[in-house]
>>> print(open('protein_19.cif').read())   # mmCIF, C-alpha atoms and all ligand atoms
data_final
loop_
_atom_site.group_PDB
_atom_site.id
_atom_site.type_symbol
_atom_site.label_atom_id
_atom_site.label_comp_id
_atom_site.auth_asym_id
_atom_site.auth_seq_id
_atom_site.Cartn_x
_atom_site.Cartn_y
_atom_site.Cartn_z
ATOM 1 C CA MET A 1 0.984 -0.313 -4.962
ATOM 2 C CA ASP A 2 -1.705 -2.464 -6.606
ATOM 3 C CA PRO A 3 -4.680 -0.082 -6.808
ATOM 4 C CA GLY A 4 -6.885 -1.298 -5.442
ATOM 5 C CA ILE A 5 -9.430 0.569 -3.366
ATOM 6 C CA ASP A 6 -7.468 0.969 -0.136
ATOM 7 C CA ASP A 7 -4.365 1.763 -2.216
ATOM 8 C CA ALA A 8 -6.309 4.727 -3.631
ATOM 9 C CA LEU A 9 -7.085 5.960 -0.124
ATOM 10 C CA ALA A 10 -3.443 5.439 0.862
ATOM 11 C CA LEU A 11 -2.215 7.436 -2.136
ATOM 12 C CA TYR A 12 -4.573 10.359 -1.564
ATOM 13 C CA THR A 13 -3.689 10.359 2.131
ATOM 14 C CA ALA A 14 0.017 10.437 1.272
ATOM 15 C CA LEU A 15 -0.453 13.208 -1.307
ATOM 16 C CA GLY A 16 -1.900 15.421 1.392
ATOM 17 C CA ARG A 17 1.044 15.144 3.739
ATOM 18 C CA LEU A 18 4.157 13.616 2.138
ATOM 19 C CA PRO A 19 6.509 14.486 -0.747
ATOM 20 C CA ILE A 20 6.186 11.617 -3.257
ATOM 21 C CA ALA A 21 9.197 10.935 -5.508
ATOM 22 C CA GLY A 22 7.434 8.312 -7.592
ATOM 23 C CA LEU A 23 5.167 5.281 -7.666
ATOM 24 C CA SER A 24 5.515 1.767 -8.998
ATOM 25 C CA ALA A 25 2.557 -0.378 -9.939
ATOM 26 C CA VAL A 26 2.643 -4.097 -9.198
ATOM 27 C CA ALA A 27 0.252 -6.911 -10.076
ATOM 28 C CA GLY A 28 -1.804 -7.883 -7.049
ATOM 29 C CA ASN A 29 -5.423 -6.988 -6.474
ATOM 30 C CA VAL A 30 -5.773 -6.975 -10.260
ATOM 31 C CA GLU A 31 -3.426 -7.423 -13.221
ATOM 32 C CA ILE A 32 -0.499 -5.030 -13.849
ATOM 33 C CA GLU A 33 -2.179 -3.469 -16.887
ATOM 34 C CA LYS A 34 -4.969 -2.265 -14.596
ATOM 35 C CA THR A 35 -2.932 -1.314 -11.516
ATOM 36 C CA PHE A 36 -0.566 0.708 -13.747
ATOM 37 C CA VAL A 37 -3.431 2.644 -15.366
ATOM 38 C CA ASN A 38 -5.221 3.072 -12.018
ATOM 39 C CA ALA A 39 -2.149 4.557 -10.327
ATOM 40 C CA ARG A 40 -1.723 7.106 -13.109
ATOM 41 C CA GLN A 41 -5.425 7.927 -13.284
ATOM 42 C CA LEU A 42 -5.550 8.513 -9.522
ATOM 43 C CA LEU A 43 -2.647 10.959 -9.757
ATOM 44 C CA ARG A 44 -4.163 12.845 -12.669
ATOM 45 C CA LEU A 45 -7.504 13.193 -10.856
ATOM 46 C CA ALA A 46 -5.691 14.826 -7.947
ATOM 47 C CA GLY A 47 -3.759 17.151 -10.260
ATOM 48 C CA ARG A 48 -0.493 15.293 -9.583
ATOM 49 C CA SER A 49 0.535 13.959 -12.977
ATOM 50 C CA ASP A 50 3.978 15.355 -12.083
ATOM 51 C CA VAL A 51 4.583 12.193 -10.013
ATOM 52 C CA PRO A 52 6.230 9.525 -12.229
ATOM 53 C CA VAL A 53 4.687 6.034 -12.260
ATOM 54 C CA TRP A 54 6.719 3.015 -13.286
ATOM 55 C CA ARG A 55 5.217 -0.253 -14.528
ATOM 56 C CA GLY A 56 6.499 -3.035 -12.278
ATOM 57 C CA SER A 57 6.055 -6.778 -12.005
ATOM 58 C CA ALA A 58 3.253 -8.591 -13.815
ATOM 59 C CA ALA A 59 3.633 -11.709 -11.662
ATOM 60 C CA PRO A 60 5.121 -12.850 -8.347
ATOM 61 C CA LEU A 61 8.676 -14.215 -8.121
ATOM 62 C CA HIS A 62 7.600 -17.844 -7.862
ATOM 63 C CA TYR A 63 3.864 -18.486 -7.566
ATOM 64 C CA PRO A 64 1.390 -17.746 -10.378
ATOM 65 C CA LEU A 65 -0.504 -14.456 -10.054
ATOM 66 C CA HIS A 66 -3.331 -14.516 -7.478
ATOM 67 C CA THR A 67 -5.726 -11.546 -7.791
ATOM 68 C CA ALA A 68 -8.686 -10.271 -5.753
ATOM 69 C CA PRO A 69 -11.339 -8.888 -8.158
ATOM 70 C CA HIS A 70 -14.010 -10.051 -5.700
ATOM 71 C CA VAL A 71 -12.647 -7.467 -3.239
ATOM 72 C CA HIS A 72 -11.730 -4.523 -5.526
ATOM 73 C CA GLY A 73 -13.788 -5.250 -8.651
ATOM 74 C CA ALA A 74 -12.603 -6.317 -12.091
ATOM 75 C CA SER A 75 -11.124 -2.849 -12.738
ATOM 76 C CA GLY A 76 -9.459 -2.679 -9.318
ATOM 77 C CA LEU A 77 -11.435 0.493 -8.584
ATOM 78 C CA ASP A 78 -15.021 -0.574 -9.240
ATOM 79 C CA GLY A 79 -17.676 1.995 -8.419
ATOM 80 C CA TYR A 80 -15.928 4.829 -10.263
ATOM 81 C CA GLN A 81 -15.358 5.603 -13.956
ATOM 82 C CA PHE A 82 -12.363 7.815 -14.810
ATOM 83 C CA PRO A 83 -13.217 10.645 -17.224
ATOM 84 C CA ALA A 84 -10.674 9.995 -19.977
ATOM 85 C CA PRO A 85 -7.869 7.648 -21.114
ATOM 86 C CA LEU A 86 -4.178 8.366 -20.478
ATOM 87 C CA ASP A 87 -1.088 9.131 -22.565
ATOM 88 C CA ASP A 88 2.187 7.134 -22.392
ATOM 89 C CA ALA A 89 4.342 6.555 -19.296
ATOM 90 C CA PRO A 90 7.957 5.567 -18.441
ATOM 91 C CA THR A 91 8.729 2.066 -19.724
ATOM 92 C CA GLU A 92 11.869 1.475 -17.625
ATOM 93 C CA PRO A 93 11.032 -0.959 -14.788
ATOM 94 C CA PRO A 94 11.033 0.653 -11.318
ATOM 95 C CA TRP A 95 13.852 -1.440 -9.847
ATOM 96 C CA ALA A 96 16.193 -0.323 -12.661
ATOM 97 C CA ALA A 97 15.002 3.295 -12.581
ATOM 98 C CA TRP A 98 15.328 3.674 -8.811
ATOM 99 C CA ALA A 99 18.722 1.962 -8.668
ATOM 100 C CA ARG A 100 19.922 4.386 -11.368
ATOM 101 C CA ILE A 101 18.318 7.468 -9.779
ATOM 102 C CA TRP A 102 19.649 6.551 -6.340
ATOM 103 C CA GLN A 103 23.202 6.462 -7.727
ATOM 104 C CA GLU A 104 22.749 10.036 -8.979
ATOM 105 C CA GLU A 105 20.841 11.650 -6.131
ATOM 106 C CA THR A 106 21.511 11.964 -2.400
ATOM 107 C CA THR A 107 18.064 12.846 -1.023
ATOM 108 C CA PRO A 108 16.972 10.299 1.591
ATOM 109 C CA VAL A 109 13.994 8.191 0.502
ATOM 110 C CA HIS A 110 11.607 5.831 2.241
ATOM 111 C CA LEU A 111 9.583 3.140 0.460
ATOM 112 C CA ILE A 112 5.955 2.517 1.425
ATOM 113 C CA ALA A 113 4.712 -0.757 -0.070
ATOM 114 C CA THR A 114 0.968 -1.377 -0.279
ATOM 115 C CA GLY A 115 0.874 -4.390 -2.585
ATOM 116 C CA PRO A 116 2.772 -7.644 -3.100
ATOM 117 C CA LEU A 117 6.514 -7.013 -2.552
ATOM 118 C CA THR A 118 7.764 -8.248 -5.935
ATOM 119 C CA ASN A 119 9.045 -4.847 -7.100
ATOM 120 C CA ILE A 120 10.760 -4.189 -3.760
ATOM 121 C CA ALA A 121 12.540 -7.561 -3.810
ATOM 122 C CA LYS A 122 13.823 -6.866 -7.341
ATOM 123 C CA LEU A 123 15.000 -3.404 -6.296
ATOM 124 C CA LEU A 124 16.984 -4.898 -3.407
ATOM 125 C CA TRP A 125 18.660 -7.261 -5.895
ATOM 126 C CA CYS A 126 19.775 -4.196 -7.930
ATOM 127 C CA LEU A 127 21.379 -2.459 -4.969
ATOM 128 C CA ASP A 128 24.919 -3.650 -4.223
ATOM 129 C CA ASP A 129 24.346 -2.582 -0.660
ATOM 130 C CA ALA A 130 21.305 -0.917 0.823
ATOM 131 C CA PRO A 131 22.177 2.729 0.179
ATOM 132 C CA SER A 132 22.324 4.867 3.328
ATOM 133 C CA ARG A 133 19.833 7.182 1.607
ATOM 134 C CA LEU A 134 17.170 4.432 1.830
ATOM 135 C CA THR A 135 15.850 5.241 5.315
ATOM 136 C CA GLY A 136 13.616 2.153 5.357
ATOM 137 C CA ILE A 137 10.675 0.227 3.962
ATOM 138 C CA THR A 138 7.202 0.430 5.471
ATOM 139 C CA VAL A 139 5.117 -2.554 4.362
ATOM 140 C CA MET A 140 1.390 -3.039 4.523
ATOM 141 C CA GLY A 141 1.292 -6.812 4.804
ATOM 142 C CA GLY A 142 1.436 -9.875 6.940
ATOM 143 C CA ALA A 143 0.003 -10.519 10.389
ATOM 144 C CA ILE A 144 1.440 -11.793 13.650
ATOM 145 C CA HIS A 145 -2.005 -13.243 14.288
ATOM 146 C CA GLY A 146 -4.654 -14.076 11.661
ATOM 147 C CA GLY A 147 -5.063 -13.806 7.915
ATOM 148 C CA ASN A 148 -7.482 -12.632 5.243
ATOM 149 C CA VAL A 149 -6.722 -15.059 2.408
ATOM 150 C CA THR A 150 -6.188 -18.110 4.608
ATOM 151 C CA PRO A 151 -6.595 -18.277 8.412
ATOM 152 C CA THR A 152 -2.891 -17.433 8.765
ATOM 153 C CA ALA A 153 -1.907 -15.463 5.615
ATOM 154 C CA GLU A 154 -2.545 -11.858 4.583
ATOM 155 C CA PHE A 155 -3.099 -11.081 0.856
ATOM 156 C CA ASN A 156 0.135 -9.171 -0.006
ATOM 157 C CA PHE A 157 2.315 -11.810 1.641
ATOM 158 C CA TYR A 158 0.206 -14.666 0.240
ATOM 159 C CA ALA A 159 0.433 -13.223 -3.298
ATOM 160 C CA ASP A 160 4.253 -13.252 -3.278
ATOM 161 C CA PRO A 161 5.602 -15.034 -0.176
ATOM 162 C CA GLU A 162 9.106 -15.315 -1.603
ATOM 163 C CA ALA A 163 9.401 -11.545 -2.109
ATOM 164 C CA ALA A 164 7.834 -10.943 1.313
ATOM 165 C CA ASP A 165 10.407 -13.183 3.004
ATOM 166 C CA GLN A 166 13.293 -11.439 1.194
ATOM 167 C CA VAL A 167 12.049 -8.021 2.321
ATOM 168 C CA MET A 168 11.462 -9.202 5.924
ATOM 169 C CA GLY A 169 15.123 -10.280 5.939
ATOM 170 C CA ALA A 170 16.490 -7.203 4.160
ATOM 171 C CA ASN A 171 19.456 -5.245 5.470
ATOM 172 C CA VAL A 172 17.437 -2.016 5.799
ATOM 173 C CA PRO A 173 14.989 -0.865 8.514
ATOM 174 C CA VAL A 174 11.713 -2.692 7.754
ATOM 175 C CA THR A 175 8.387 -1.795 9.355
ATOM 176 C CA MET A 176 5.486 -4.235 9.082
ATOM 177 C CA VAL A 177 1.943 -2.846 9.335
ATOM 178 C CA GLY A 178 -0.187 -5.966 9.274
ATOM 179 C CA LEU A 179 -3.706 -7.117 9.959
ATOM 180 C CA ASP A 180 -3.001 -6.914 13.702
ATOM 181 C CA VAL A 181 -3.602 -3.157 13.415
ATOM 182 C CA THR A 182 -5.405 -2.741 10.067
ATOM 183 C CA HIS A 183 -8.273 -4.896 11.316
ATOM 184 C CA LYS A 184 -8.562 -2.560 14.344
ATOM 185 C CA ALA A 185 -8.290 0.867 12.677
ATOM 186 C CA ARG A 186 -11.442 0.552 10.626
ATOM 187 C CA LEU A 187 -13.298 3.390 8.865
ATOM 188 C CA PRO A 188 -16.819 3.657 10.247
ATOM 189 C CA TRP A 189 -19.365 3.088 7.458
ATOM 190 C CA GLU A 190 -21.349 6.187 8.530
ATOM 191 C CA ASP A 191 -18.302 8.401 7.903
ATOM 192 C CA LEU A 192 -18.275 7.752 4.127
ATOM 193 C CA PRO A 193 -20.235 10.923 3.210
ATOM 194 C CA ARG A 194 -17.336 13.010 4.593
ATOM 195 C CA PHE A 195 -15.344 12.067 1.475
ATOM 196 C CA LEU A 196 -17.730 14.151 -0.632
ATOM 197 C CA ASP A 197 -16.126 17.303 0.833
ATOM 198 C CA PHE A 198 -12.797 16.519 -0.833
ATOM 199 C CA ALA A 199 -13.351 17.492 -4.498
ATOM 200 C CA GLU A 200 -13.222 14.879 -7.274
ATOM 201 C CA PRO A 201 -10.662 12.632 -5.490
ATOM 202 C CA GLY A 202 -13.047 12.553 -2.538
ATOM 203 C CA ARG A 203 -15.942 11.661 -4.781
ATOM 204 C CA LEU A 204 -13.848 8.799 -6.188
ATOM 205 C CA LEU A 205 -13.066 7.576 -2.667
ATOM 206 C CA TYR A 206 -16.714 7.755 -1.668
ATOM 207 C CA ALA A 207 -17.716 5.722 -4.757
ATOM 208 C CA VAL A 208 -15.072 2.997 -4.521
ATOM 209 C CA LEU A 209 -15.291 2.612 -0.728
ATOM 210 C CA HIS A 210 -19.054 2.328 -1.033
ATOM 211 C CA TRP A 211 -18.555 -0.433 -3.620
ATOM 212 C CA TYR A 212 -15.976 -2.098 -1.319
ATOM 213 C CA GLY A 213 -18.381 -2.014 1.616
ATOM 214 C CA GLU A 214 -21.281 -3.306 -0.452
ATOM 215 C CA HIS A 215 -19.344 -6.160 -2.076
ATOM 216 C CA ALA A 216 -16.451 -7.158 0.129
ATOM 217 C CA GLU A 217 -15.699 -5.572 3.482
ATOM 218 C CA ARG A 218 -18.865 -6.114 5.479
ATOM 219 C CA HIS A 219 -17.830 -5.781 9.149
ATOM 220 C CA PRO A 220 -19.887 -4.208 11.965
ATOM 221 C CA ASP A 221 -16.962 -2.003 13.028
ATOM 222 C CA GLY A 222 -16.431 -0.527 9.556
ATOM 223 C CA LEU A 223 -14.167 -0.830 6.493
ATOM 224 C CA ALA A 224 -10.627 -2.200 6.684
ATOM 225 C CA ILE A 225 -8.469 0.466 4.975
ATOM 226 C CA HIS A 226 -5.220 -1.474 5.236
ATOM 227 C CA ASP A 227 -2.932 0.563 2.970
ATOM 228 C CA ALA A 228 -3.938 3.939 4.373
ATOM 229 C CA ILE A 229 -3.024 2.674 7.858
ATOM 230 C CA ALA A 230 0.478 1.878 6.598
ATOM 231 C CA VAL A 231 0.859 5.501 5.399
ATOM 232 C CA ALA A 232 -0.424 6.717 8.778
ATOM 233 C CA ALA A 233 2.085 4.438 10.539
ATOM 234 C CA TYR A 234 4.987 5.855 8.525
ATOM 235 C CA ALA A 235 3.961 9.450 9.268
ATOM 236 C CA ASN A 236 2.868 8.928 12.910
ATOM 237 C CA PRO A 237 4.727 5.985 14.499
ATOM 238 C CA GLU A 238 3.800 7.367 17.923
ATOM 239 C CA LEU A 239 0.181 6.361 17.269
ATOM 240 C CA PHE A 240 1.171 2.696 17.159
ATOM 241 C CA VAL A 241 2.644 0.093 19.554
ATOM 242 C CA TRP A 242 5.657 -1.742 18.092
ATOM 243 C CA GLN A 243 7.566 -4.957 18.681
ATOM 244 C CA GLU A 244 11.015 -5.694 17.192
ATOM 245 C CA LEU A 245 10.826 -9.297 15.937
ATOM 246 C CA PRO A 246 12.859 -11.687 13.741
ATOM 247 C CA LEU A 247 10.290 -12.784 11.137
ATOM 248 C CA THR A 248 10.200 -15.093 8.156
ATOM 249 C CA VAL A 249 7.422 -15.731 5.627
ATOM 250 C CA LEU A 250 6.574 -19.351 4.875
ATOM 251 C CA GLN A 251 6.665 -20.476 1.238
ATOM 252 C CA ASP A 252 5.202 -23.985 1.008
ATOM 253 C CA ALA A 253 1.641 -24.270 -0.277
ATOM 254 C CA ALA A 254 0.128 -25.339 3.051
ATOM 255 C CA TRP A 255 1.420 -22.229 4.890
ATOM 256 C CA ARG A 256 1.944 -19.879 1.905
ATOM 257 C CA GLY A 257 2.352 -16.263 3.078
ATOM 258 C CA THR A 258 2.171 -17.030 6.798
ATOM 259 C CA VAL A 259 4.446 -14.907 9.011
ATOM 260 C CA ALA A 260 6.487 -17.068 11.384
ATOM 261 C CA ARG A 261 8.232 -15.571 14.424
ATOM 262 C CA LEU A 262 11.788 -16.863 14.724
ATOM 263 C CA PRO A 263 13.646 -17.493 18.012
ATOM 264 C CA GLU A 264 15.402 -14.451 19.504
ATOM 265 C CA SER A 265 18.709 -16.210 18.705
ATOM 266 C CA ALA A 266 17.918 -16.108 14.960
ATOM 267 C CA ARG A 267 20.606 -14.354 12.884
ATOM 268 C CA ARG A 268 18.095 -12.205 11.004
ATOM 269 C CA PRO A 269 17.372 -8.458 11.146
ATOM 270 C CA ARG A 270 14.549 -7.443 13.452
ATOM 271 C CA VAL A 271 11.371 -6.174 11.827
ATOM 272 C CA LYS A 272 9.473 -3.394 13.581
ATOM 273 C CA ALA A 273 5.962 -4.882 13.679
ATOM 274 C CA ALA A 274 2.846 -2.901 14.646
ATOM 275 C CA VAL A 275 0.876 -4.710 17.346
ATOM 276 C CA ASP A 276 -1.578 -2.020 18.474
ATOM 277 C CA VAL A 277 -2.916 1.348 17.288
ATOM 278 C CA ASP A 278 -4.582 4.558 18.527
ATOM 279 C CA VAL A 279 -7.630 4.259 16.268
ATOM 280 C CA PRO A 280 -9.156 7.726 16.843
ATOM 281 C CA GLY A 281 -5.730 9.312 16.450
ATOM 282 C CA VAL A 282 -5.085 7.567 13.131
ATOM 283 C CA LEU A 283 -8.530 8.298 11.688
ATOM 284 C CA ASN A 284 -8.224 11.957 12.714
ATOM 285 C CA TRP A 285 -4.878 12.174 10.934
ATOM 286 C CA LEU A 286 -6.345 10.545 7.801
ATOM 287 C CA TRP A 287 -9.196 13.085 7.577
ATOM 288 C CA GLY A 288 -6.751 15.958 7.981
ATOM 289 C CA SER A 289 -4.531 14.522 5.245
ATOM 290 C CA LEU A 290 -7.432 14.194 2.824
ATOM 291 C CA GLN A 291 -8.442 17.801 3.491
ATOM 292 C CA ALA A 292 -4.879 18.889 2.672
ATOM 293 C CA MET A 293 -4.862 16.763 -0.500
ATOM 294 C CA ALA A 294 -8.179 18.179 -1.661
ATOM 295 C CA GLU A 295 -7.052 21.787 -1.139
ATOM 296 C CA ASN A 296 -4.224 21.129 -3.605
ATOM 297 C CA SER A 297 -6.377 19.365 -6.205
ATOM 298 C CA PRO A 298 -7.456 21.342 -9.285
ATOM 299 C CA ALA A 299 -11.179 20.707 -8.799
ATOM 300 C CA PHE A 300 -11.036 22.112 -5.269
ATOM 301 C CA ARG A 301 -9.142 25.203 -6.393
ATOM 302 C CA GLN A 302 -11.765 25.840 -9.089
ATOM 303 C CA SER A 303 -14.712 25.313 -6.708
HETATM 304 O O1 LIG A 401 -4.513 -7.590 2.848
HETATM 305 C C1 LIG A 401 -4.730 -6.259 2.455
HETATM 306 C C2 LIG A 401 -3.831 -5.866 1.327
HETATM 307 O O2 LIG A 401 -4.084 -6.671 0.185
HETATM 308 C C3 LIG A 401 -4.053 -4.423 0.853
HETATM 309 O O3 LIG A 401 -2.861 -3.925 0.332
HETATM 310 C C4 LIG A 401 -5.066 -4.577 -0.236
HETATM 311 O O4 LIG A 401 -4.988 -3.504 -1.199
HETATM 312 C C5 LIG A 401 -4.612 -5.858 -0.864
HETATM 313 O O5 LIG A 401 -3.591 -5.544 -1.786
HETATM 314 CA CA CA A 402 -2.847 -2.880 -1.860
#
>>> encode(input="protein_19.cif", output="structure tokens")
Amino acid sequence: MDPGIDDALALYTALGRLPIAGLSAVAGNVEIEKTFVNARQLLRLAGRSDVPVWRGSAAPLHYPLHTAPHVHGASGLDGYQFPAPLDDAPTEPPWAAWARIWQEETTPVHLIATGPLTNIAKLLWCLDDAPSRLTGITVMGGAIHGGNVTPTAEFNFYADPEAADQVMGANVPVTMVGLDVTHKARLPWEDLPRFLDFAEPGRLLYAVLHWYGEHAERHPDGLAIHDAIAVAAYANPELFVWQELPLTVLQDAAWRGTVARLPESARRPRVKAAVDVDVPGVLNWLWGSLQAMAENSPAFRQS
């Protein structure tokens, strides 16, 4: 993750419903120093400092770092000030840590990626073969149609197109949740006050989403909450319409980050791509997840 305002919503949604084995921060929306601190601060605010956070890649595999402070603010979570600084954190990079842990443990795991795919690509390099315990990778990124950095490229795939192409061709089940559905399942602006019912994490979400709406995501149908839709897609695939497609991600500057659909004869794994979504169903699930997260957060328990 590269928190990042919609990453924050994705994390709090996941905390309400899913067991989280760990997080890795990646440079993307803002620099790694900030995404790493933001990920840990978000966990602490929700009373979940038990979840380990690893510091991942500071730059893409090939291209120079391309950030989006105009969308998420210079801090990555503008609109909210965390109460206090943090202590130290694991220094081992995530791809090394996970490869080591996955040799020792047998519990199945699934990766949900909500930032550029640099860390995931490096992890796949570390794995001799995709371990059977890796049940798949759900990626917020890409688009069959459209783009939000260029007319044809989505930010996470644009930021590191080489890593995105490696993951789209990986020998594990890959699910792509792109702009085709995240531009449909928008959060109505008038629903923002509901976040204030969810303790301090909810107050953070209200503040940063308000900043996001004021500065970046002005759309009549509401706020694009891309990363949270990827979490919803992992937990509720039945709320989405899928197509199994052979996909590649273009690397040259003119088409950087663009998803290209290959011929059916292509010798490349099929990616399960989301092409439509039950918007009310997904939003209803998100609100329920946030309620569950808040009930487990320290501030809620004290209130
Ligand atoms: O294009 C949307 C994606 O890029 C989201 O993950 C957002 O957080 C940014 O990283
Ligand atoms: Ca993100």
>>> residues_around(input="protein_19.cif", residues="A:Glu217", least_positions_apart="5", cutoff="12 Å", atoms="only C-alpha atoms", output="mmCIF file with C-alpha atoms, keeping the file's coordinate frame")
data_model
loop_
_atom_site.group_PDB
_atom_site.id
_atom_site.type_symbol
_atom_site.label_atom_id
_atom_site.label_comp_id
_atom_site.auth_asym_id
_atom_site.auth_seq_id
_atom_site.Cartn_x
_atom_site.Cartn_y
_atom_site.Cartn_z
ATOM 1 C CA ILE A 5 -9.430 0.569 -3.366
ATOM 2 C CA ASP A 6 -7.468 0.969 -0.136
ATOM 3 C CA HIS A 70 -14.010 -10.051 -5.700
ATOM 4 C CA VAL A 71 -12.647 -7.467 -3.239
ATOM 5 C CA HIS A 72 -11.730 -4.523 -5.526
ATOM 6 C CA ASN A 148 -7.482 -12.632 5.243
ATOM 7 C CA HIS A 183 -8.273 -4.896 11.316
ATOM 8 C CA ARG A 186 -11.442 0.552 10.626
ATOM 9 C CA LEU A 187 -13.298 3.390 8.865
ATOM 10 C CA PRO A 188 -16.819 3.657 10.247
ATOM 11 C CA TRP A 189 -19.365 3.088 7.458
ATOM 12 C CA VAL A 208 -15.072 2.997 -4.521
ATOM 13 C CA LEU A 209 -15.291 2.612 -0.728
ATOM 14 C CA HIS A 210 -19.054 2.328 -1.033
ATOM 15 C CA TRP A 211 -18.555 -0.433 -3.620
ATOM 16 C CA TYR A 212 -15.976 -2.098 -1.319
ATOM 17 C CA GLY A 222 -16.431 -0.527 9.556
ATOM 18 C CA LEU A 223 -14.167 -0.830 6.493
ATOM 19 C CA ALA A 224 -10.627 -2.200 6.684
ATOM 20 C CA ILE A 225 -8.469 0.466 4.975
ATOM 21 C CA HIS A 226 -5.220 -1.474 5.236
#
>>> atom_distance(input="protein_19.cif", atom1="atom CA of A:Asp221", atom2="atom CA of A:Val279")
11.7 Å
>>> axis_aligned_box(input="protein_19.cif", around="ligand LIG 401 (chain A)", padding_each_side="6 Å", output="AutoDock Vina command-line options")
--center_x -4.0 --center_y -5.5 --center_z 0.5 --size_x 14.2 --size_y 16.1 --size_z 16.6
>>> closest_atom_pairs(input="protein_19.cif", of="stretch 152-231 of chain A", to="stretch 82-101 of chain A", cutoff="12 Å", atoms="only C-alpha atoms", output="JSON lines")
{"residue": "A:Glu200", "atom": "CA", "partner": "A:Phe82", "partner_atom": "CA", "distance": 10.4}
{"residue": "A:Pro201", "atom": "CA", "partner": "A:Phe82", "partner_atom": "CA", "distance": 10.6}
{"residue": "A:Arg203", "atom": "CA", "partner": "A:Phe82", "partner_atom": "CA", "distance": 11.3}
{"residue": "A:Leu204", "atom": "CA", "partner": "A:Phe82", "partner_atom": "CA", "distance": 8.8}
{"residue": "A:Ala207", "atom": "CA", "partner": "A:Phe82", "partner_atom": "CA", "distance": 11.6}
{"residue": "A:Val208", "atom": "CA", "partner": "A:Phe82", "partner_atom": "CA", "distance": 11.7}
>>> residues_around(input="protein_19.cif", residues="stretch 153-167 of chain A", least_positions_apart="6", cutoff="8 Å", atoms="all atoms listed in the file", output="PyMOL selection string")
chain A and resi 28+60-63+65-67+114-118+120-121+140-143+146-147+174+178-179+248-251+255-259
>>> resolve_selection(input="protein_19.cif", expression="the PyMOL selection byres (((chain A and resi 22) around 7) and not hetatm)", output="PyMOL selection string")
chain A and resi 20-21+23-24+51-53
>>> write_last_selection(input="protein_19.cif", atoms="C-alpha atoms", output="tab-separated table (two decimals), keeping the file's coordinate frame")
chain	number	residue	atom	x	y	z
A	20	ILE	CA	6.19	11.62	-3.26
A	21	ALA	CA	9.20	10.94	-5.51
A	23	LEU	CA	5.17	5.28	-7.67
A	24	SER	CA	5.52	1.77	-9.00
A	51	VAL	CA	4.58	12.19	-10.01
A	52	PRO	CA	6.23	9.52	-12.23
A	53	VAL	CA	4.69	6.03	-12.26
>>> closest_residue(input="protein_19.cif", among="A:Ala216, A:Leu45, A:Ala230, A:Ile144", to="ligand CA 402 (chain A)", atoms="all atoms listed in the file")
A:Ala230
>>> closest_residue(input="protein_19.cif", among="A:Ala74, A:Ala266, A:Val149, A:Leu9", to="ligand CA 402 (chain A)", atoms="all atoms listed in the file")
A:Leu9
>>> residues_near_ligand(input="protein_19.cif", ligand="ligand CA 402 (chain A)", cutoff="6 Å", atoms="all atoms listed in the file", output="number ranges by chain")
A: 1-4, 7, 114-115, 227
>>> atom_distance(input="protein_19.cif", atom1="atom CA of A:Arg261", atom2="atom CA of A:Pro131")
27.1 Å
>>> closest_residue(input="protein_19.cif", among="A:Ala46, A:Ala273, A:Leu134, A:Val231", to="ligand LIG 401 (chain A)", atoms="all atoms listed in the file")
A:Val231
>>> atom_distance(input="protein_19.cif", atom1="atom CA of A:Ile137", atom2="atom CA of A:Ala170")
9.4 Å
>>> resolve_selection(input="protein_19.cif", expression="the PyMOL selection byres (((chain A and resi 234-236) around 10) and not hetatm)", output="JSON, numbers by chain")
{"A": [14, 17, 18, 110, 111, 112, 136, 137, 138, 139, 175, 177, 229, 230, 231, 232, 233, 237, 238, 239, 240, 281, 282, 285]}
